Amino acid sequence: MSSNKIILYATGSPLIVDFEEICMRNNIEIIAIVNNIKDGSSYAISEEKIILIDQINIVQDIPFICTLFSPKNRYIAVHEALNFGLKPFNILVDKSSDLPMYFEHKHGCFINKRVTIGSTAKIGSYVTINRGAILGHHLTVEDFVSIGPGVTSGGNVTIKEKSLIGTGAIILPKITIGTNAIIGAGTVVTKNVPDNAVVVGNPGRIIKMNSL
C-alpha cells in the first residue's frame, strides 16, 4: 500500500475538513472520500471525490482513516471499512504538533494541529486527538479514544478504550479514565473514573452511567 495516498472514511463528520487540510500539508493524496451513509450530507471540501459505500471495490488497495469523532460511531465505521477489505492508514499527524522522541502508536490514528504530547507516550489504534491538546509524560491512550480540543492532562494518565474526553477538560496526574467513559467539556478530573461513567463539573462528579 502506498503511504502517500489515503481514503477518508465517513463524510458526515465536520472534522473532515481538518483531515483534508492536514493531508494536503503532508503531501498525502486523497483518492476518495467514502460516504458510509447513502444520501448522507457531506462536510467535505473535495466533494468531487466522494464515492458511495457500494463503490468501495474501486479503491481497496488504498489505506483508510476514519474521520468520525465519536468513539462509538468510529468503532462501527472502522469495522465496516475493515469488513469491506480496506486496510488502515498508519497515523496522520499535523506538522504543527510536538510529539516525543519516544512515542509508541498503532494504526489508524489522527493527531490534529498544535497537539503536544510528553515523553514515552503510548497511543492505541484508531485514536483521535483534536486541536491544541496538551498531554503529559507517560501517557497511555487505548484504542478508539477521542480527545477533544484544548484538553490538558498531567503525567502518568491512562485513558482506556472507547472513552471520550470533552473540550477543555483537565485531567490531573496519575488518573485512570475507565473504558467507555465520557468526560464533559471543561471538567476537572481529580480522581479515577470507573468504566461507563459520565463525569462533569469542577471537581468532576459522576452524573450517570453510560450505556454500552
# chains A, B, ... in the order shown; residues from 1 in each chain; ligands from 1
>>> residues_around(residues="A:Arg74", least_positions_apart="4", cutoff="10 Å", atoms="only C-alpha atoms", output="list in words")
Tyr9, Ala10, Ile65, Cys66, Thr67, Leu68, Phe69, Ser70, Val78, His79, Glu80, Tyr126, Val127, Thr128, Phe144, Val145, Ser146 and Lys162 of chain A
>>> residues_around(residues="A:Ile22", least_positions_apart="6", cutoff="9 Å", atoms="only C-alpha atoms", output="PyMOL selection string")
chain A and resi 28+92-95+112-113
>>> residues_around(residues="A:Thr158", least_positions_apart="3", cutoff="6 Å", atoms="only C-alpha atoms", output="VMD selection string")
chain A and resid 140 to 141 176
>>> write_last_selection(atoms="all heavy atoms", output="short mmCIF file (atom, residue, chain, number, x, y, z; two decimals), in the first residue's frame")
data_model
loop_
_atom_site.label_atom_id
_atom_site.label_comp_id
_atom_site.auth_asym_id
_atom_site.auth_seq_id
_atom_site.Cartn_x
_atom_site.Cartn_y
_atom_site.Cartn_z
N THR A 140 -0.86 6.96 28.47
CA THR A 140 -1.34 5.75 27.79
C THR A 140 -2.76 6.00 27.32
O THR A 140 -3.64 6.33 28.12
CB THR A 140 -1.31 4.53 28.72
OG1 THR A 140 0.03 4.27 29.14
CG2 THR A 140 -1.85 3.29 28.00
N VAL A 141 -2.97 5.89 26.01
CA VAL A 141 -4.30 6.06 25.43
C VAL A 141 -4.63 4.78 24.67
O VAL A 141 -3.92 4.39 23.75
CB VAL A 141 -4.33 7.27 24.47
CG1 VAL A 141 -5.72 7.41 23.84
CG2 VAL A 141 -3.95 8.55 25.20
N THR A 176 -6.68 7.45 36.08
CA THR A 176 -7.12 6.48 35.08
C THR A 176 -8.57 6.74 34.72
O THR A 176 -9.43 6.82 35.61
CB THR A 176 -6.97 5.03 35.59
OG1 THR A 176 -5.59 4.74 35.79
CG2 THR A 176 -7.53 4.03 34.59
#
>>> select_by_dssp(residues="stretch 36-178 of chain A", states="helix (DSSP H, G or I)", output="mmCIF file with C-alpha atoms, in the first residue's frame")
data_model
loop_
_atom_site.group_PDB
_atom_site.id
_atom_site.type_symbol
_atom_site.label_atom_id
_atom_site.label_comp_id
_atom_site.auth_asym_id
_atom_site.auth_seq_id
_atom_site.Cartn_x
_atom_site.Cartn_y
_atom_site.Cartn_z
ATOM 1 C CA GLU A 47 -16.891 16.764 -2.835
ATOM 2 C CA GLU A 48 -15.958 15.596 -6.328
ATOM 3 C CA LYS A 49 -14.001 12.754 -4.683
ATOM 4 C CA ILE A 53 -20.017 2.772 0.091
ATOM 5 C CA ASP A 54 -21.068 0.265 -2.570
ATOM 6 C CA GLN A 55 -18.246 1.586 -4.798
ATOM 7 C CA ILE A 56 -15.557 0.666 -2.275
ATOM 8 C CA ASN A 57 -14.117 -2.051 -4.522
ATOM 9 C CA ILE A 58 -12.531 0.595 -6.769
ATOM 10 C CA VAL A 59 -10.180 1.811 -4.020
ATOM 11 C CA PRO A 71 -15.697 6.650 19.719
ATOM 12 C CA LYS A 72 -18.846 4.569 19.310
ATOM 13 C CA ASN A 73 -19.512 5.756 15.755
ATOM 14 C CA ARG A 74 -15.844 5.457 14.810
ATOM 15 C CA TYR A 75 -15.752 1.880 16.127
ATOM 16 C CA ILE A 76 -18.739 0.971 13.948
ATOM 17 C CA ALA A 77 -17.366 2.734 10.851
ATOM 18 C CA VAL A 78 -13.863 1.269 11.214
ATOM 19 C CA HIS A 79 -15.190 -2.280 11.426
ATOM 20 C CA GLU A 80 -17.451 -1.563 8.479
ATOM 21 C CA ALA A 81 -14.400 -0.463 6.472
ATOM 22 C CA LEU A 82 -12.369 -3.480 7.588
ATOM 23 C CA ASN A 83 -15.206 -5.787 6.568
#
>>> select_by_dssp(residues="stretch 98-207 of chain A", states="strand (DSSP E)", output="CSV table (one decimal) with C-alpha atoms, in the first residue's frame")
chain,number,residue,atom,x,y,z
A,103,PHE,CA,6.4,7.6,21.0
A,104,GLU,CA,4.6,4.3,20.5
A,105,HIS,CA,1.4,4.2,18.4
A,109,CYS,CA,-4.6,7.4,14.5
A,110,PHE,CA,-5.3,11.1,13.9
A,111,ILE,CA,-3.4,13.9,15.7
A,116,THR,CA,1.7,18.5,22.5
A,117,ILE,CA,2.5,15.1,24.0
A,121,ALA,CA,3.6,8.1,25.3
A,122,LYS,CA,1.7,5.0,24.1
A,123,ILE,CA,-1.2,5.5,21.8
A,128,THR,CA,-8.3,10.9,17.6
A,129,ILE,CA,-6.6,13.8,19.4
A,134,ILE,CA,-1.5,19.2,25.9
A,135,LEU,CA,-0.9,15.7,27.3
A,140,THR,CA,-1.3,5.8,27.8
A,141,VAL,CA,-4.3,6.1,25.4
A,146,SER,CA,-11.4,10.6,21.4
A,147,ILE,CA,-9.7,13.6,23.0
A,152,THR,CA,-4.9,19.1,29.3
A,153,SER,CA,-3.5,16.2,31.3
A,158,THR,CA,-4.3,6.3,31.4
A,159,ILE,CA,-7.3,6.7,29.2
A,164,LEU,CA,-14.4,10.5,25.1
A,165,ILE,CA,-12.7,13.5,26.7
A,170,ILE,CA,-8.3,18.9,32.7
A,171,ILE,CA,-7.1,15.5,34.0
A,176,THR,CA,-7.1,6.5,35.1
A,177,ILE,CA,-10.2,7.1,32.9
A,182,ILE,CA,-17.4,10.3,28.9
A,183,ILE,CA,-15.7,13.4,30.4
A,188,VAL,CA,-11.6,18.8,36.1
A,189,VAL,CA,-10.9,15.2,36.8
A,197,ALA,CA,-19.2,6.8,33.9
A,198,VAL,CA,-20.3,10.2,32.6
A,199,VAL,CA,-18.3,12.9,34.6
A,200,VAL,CA,-18.9,16.6,34.6
A,205,ARG,CA,-18.5,14.1,39.6
A,206,ILE,CA,-20.4,11.2,38.1
A,207,ILE,CA,-23.8,12.1,36.9
>>> residues_around(residues="A:Gly168", least_positions_apart="3", cutoff="9 Å", atoms="only C-alpha atoms", output="list in words")
Ala133, Gly148, Pro149, Gly150, Val151, Thr152, Ile165, Gly184, Ala185, Gly186 and Thr187 of chain A
>>> write_last_selection(atoms="all heavy atoms", output="PDB file, in the first residue's frame")
ATOM      1  N   ALA A 133      -4.588  20.023  22.197  1.00  0.00           N
ATOM      2  CA  ALA A 133      -4.482  19.206  23.411  1.00  0.00           C
ATOM      3  C   ALA A 133      -3.033  19.202  23.906  1.00  0.00           C
ATOM      4  O   ALA A 133      -2.092  19.146  23.109  1.00  0.00           O
ATOM      5  CB  ALA A 133      -4.947  17.784  23.137  1.00  0.00           C
ATOM      6  N   GLY A 148     -10.803  15.724  22.935  1.00  0.00           N
ATOM      7  CA  GLY A 148     -11.302  16.941  22.320  1.00  0.00           C
ATOM      8  C   GLY A 148     -10.308  18.079  22.317  1.00  0.00           C
ATOM      9  O   GLY A 148      -9.217  17.989  22.901  1.00  0.00           O
ATOM     10  N   PRO A 149     -10.671  19.197  21.675  1.00  0.00           N
ATOM     11  CA  PRO A 149      -9.780  20.354  21.603  1.00  0.00           C
ATOM     12  C   PRO A 149      -9.440  20.912  22.992  1.00  0.00           C
ATOM     13  O   PRO A 149     -10.297  20.975  23.875  1.00  0.00           O
ATOM     14  CB  PRO A 149     -10.602  21.374  20.812  1.00  0.00           C
ATOM     15  CG  PRO A 149     -11.614  20.574  20.065  1.00  0.00           C
ATOM     16  CD  PRO A 149     -11.930  19.410  20.947  1.00  0.00           C
ATOM     17  N   GLY A 150      -8.181  21.308  23.153  1.00  0.00           N
ATOM     18  CA  GLY A 150      -7.776  22.010  24.365  1.00  0.00           C
ATOM     19  C   GLY A 150      -7.739  21.184  25.624  1.00  0.00           C
ATOM     20  O   GLY A 150      -7.632  21.736  26.726  1.00  0.00           O
ATOM     21  N   VAL A 151      -7.803  19.872  25.522  1.00  0.00           N
ATOM     22  CA  VAL A 151      -7.713  19.022  26.720  1.00  0.00           C
ATOM     23  C   VAL A 151      -6.292  19.090  27.285  1.00  0.00           C
ATOM     24  O   VAL A 151      -5.311  19.124  26.539  1.00  0.00           O
ATOM     25  CB  VAL A 151      -8.081  17.564  26.379  1.00  0.00           C
ATOM     26  CG1 VAL A 151      -7.745  16.613  27.531  1.00  0.00           C
ATOM     27  CG2 VAL A 151      -9.556  17.470  26.028  1.00  0.00           C
ATOM     28  N   THR A 152      -6.177  19.113  28.623  1.00  0.00           N
ATOM     29  CA  THR A 152      -4.880  19.127  29.293  1.00  0.00           C
ATOM     30  C   THR A 152      -4.817  17.964  30.271  1.00  0.00           C
ATOM     31  O   THR A 152      -5.773  17.723  31.010  1.00  0.00           O
ATOM     32  CB  THR A 152      -4.669  20.437  30.069  1.00  0.00           C
ATOM     33  OG1 THR A 152      -4.781  21.540  29.154  1.00  0.00           O
ATOM     34  CG2 THR A 152      -3.303  20.474  30.723  1.00  0.00           C
ATOM     35  N   ILE A 165     -13.050  12.369  25.834  1.00  0.00           N
ATOM     36  CA  ILE A 165     -12.662  13.466  26.716  1.00  0.00           C
ATOM     37  C   ILE A 165     -13.084  14.763  26.053  1.00  0.00           C
ATOM     38  O   ILE A 165     -12.591  15.120  24.984  1.00  0.00           O
ATOM     39  CB  ILE A 165     -11.135  13.473  26.977  1.00  0.00           C
ATOM     40  CG1 ILE A 165     -10.615  12.059  27.289  1.00  0.00           C
ATOM     41  CG2 ILE A 165     -10.809  14.457  28.084  1.00  0.00           C
ATOM     42  CD1 ILE A 165     -11.218  11.423  28.514  1.00  0.00           C
ATOM     43  N   GLY A 184     -17.094  15.363  30.432  1.00  0.00           N
ATOM     44  CA  GLY A 184     -17.736  16.520  29.824  1.00  0.00           C
ATOM     45  C   GLY A 184     -16.782  17.675  29.584  1.00  0.00           C
ATOM     46  O   GLY A 184     -15.709  17.773  30.198  1.00  0.00           O
ATOM     47  N   ALA A 185     -17.176  18.586  28.703  1.00  0.00           N
ATOM     48  CA  ALA A 185     -16.363  19.749  28.380  1.00  0.00           C
ATOM     49  C   ALA A 185     -16.085  20.564  29.643  1.00  0.00           C
ATOM     50  O   ALA A 185     -16.980  20.816  30.456  1.00  0.00           O
ATOM     51  CB  ALA A 185     -17.073  20.611  27.347  1.00  0.00           C
ATOM     52  N   GLY A 186     -14.828  20.970  29.821  1.00  0.00           N
ATOM     53  CA  GLY A 186     -14.441  21.802  30.954  1.00  0.00           C
ATOM     54  C   GLY A 186     -14.348  21.096  32.286  1.00  0.00           C
ATOM     55  O   GLY A 186     -14.067  21.724  33.314  1.00  0.00           O
ATOM     56  N   THR A 187     -14.548  19.800  32.319  1.00  0.00           N
ATOM     57  CA  THR A 187     -14.493  19.042  33.570  1.00  0.00           C
ATOM     58  C   THR A 187     -13.066  18.961  34.100  1.00  0.00           C
ATOM     59  O   THR A 187     -12.115  18.842  33.333  1.00  0.00           O
ATOM     60  CB  THR A 187     -15.045  17.618  33.340  1.00  0.00           C
ATOM     61  OG1 THR A 187     -16.422  17.718  32.972  1.00  0.00           O
ATOM     62  CG2 THR A 187     -14.913  16.753  34.584  1.00  0.00           C
TER      63      THR A 187
END
>>> closest_residue(among="A:Ala181, A:Ile31, A:Leu172, A:Ala44", to="A:Pro203", atoms="only C-alpha atoms")
A:Leu172
>>> closest_residue(among="A:Lys208, A:Lys174, A:Lys160, A:Arg131", to="A:Asp18", atoms="only C-alpha atoms")
A:Arg131
>>> closest_residue(among="A:Thr167, A:Pro14, A:Asn180, A:Ile6", to="A:Asp61", atoms="only C-alpha atoms")
A:Ile6
>>> closest_residue(among="A:Gly201, A:Gly85, A:Pro100, A:Pro194", to="A:Val115", atoms="only C-alpha atoms")
A:Pro100
>>> closest_residue(among="A:Asn26, A:Leu139, A:Leu52, A:Tyr43", to="A:Ser96", atoms="only C-alpha atoms")
A:Asn26
>>> atom_distance(atom1="atom CA of A:Lys87", atom2="atom CA of A:Arg114")
27.3 Å
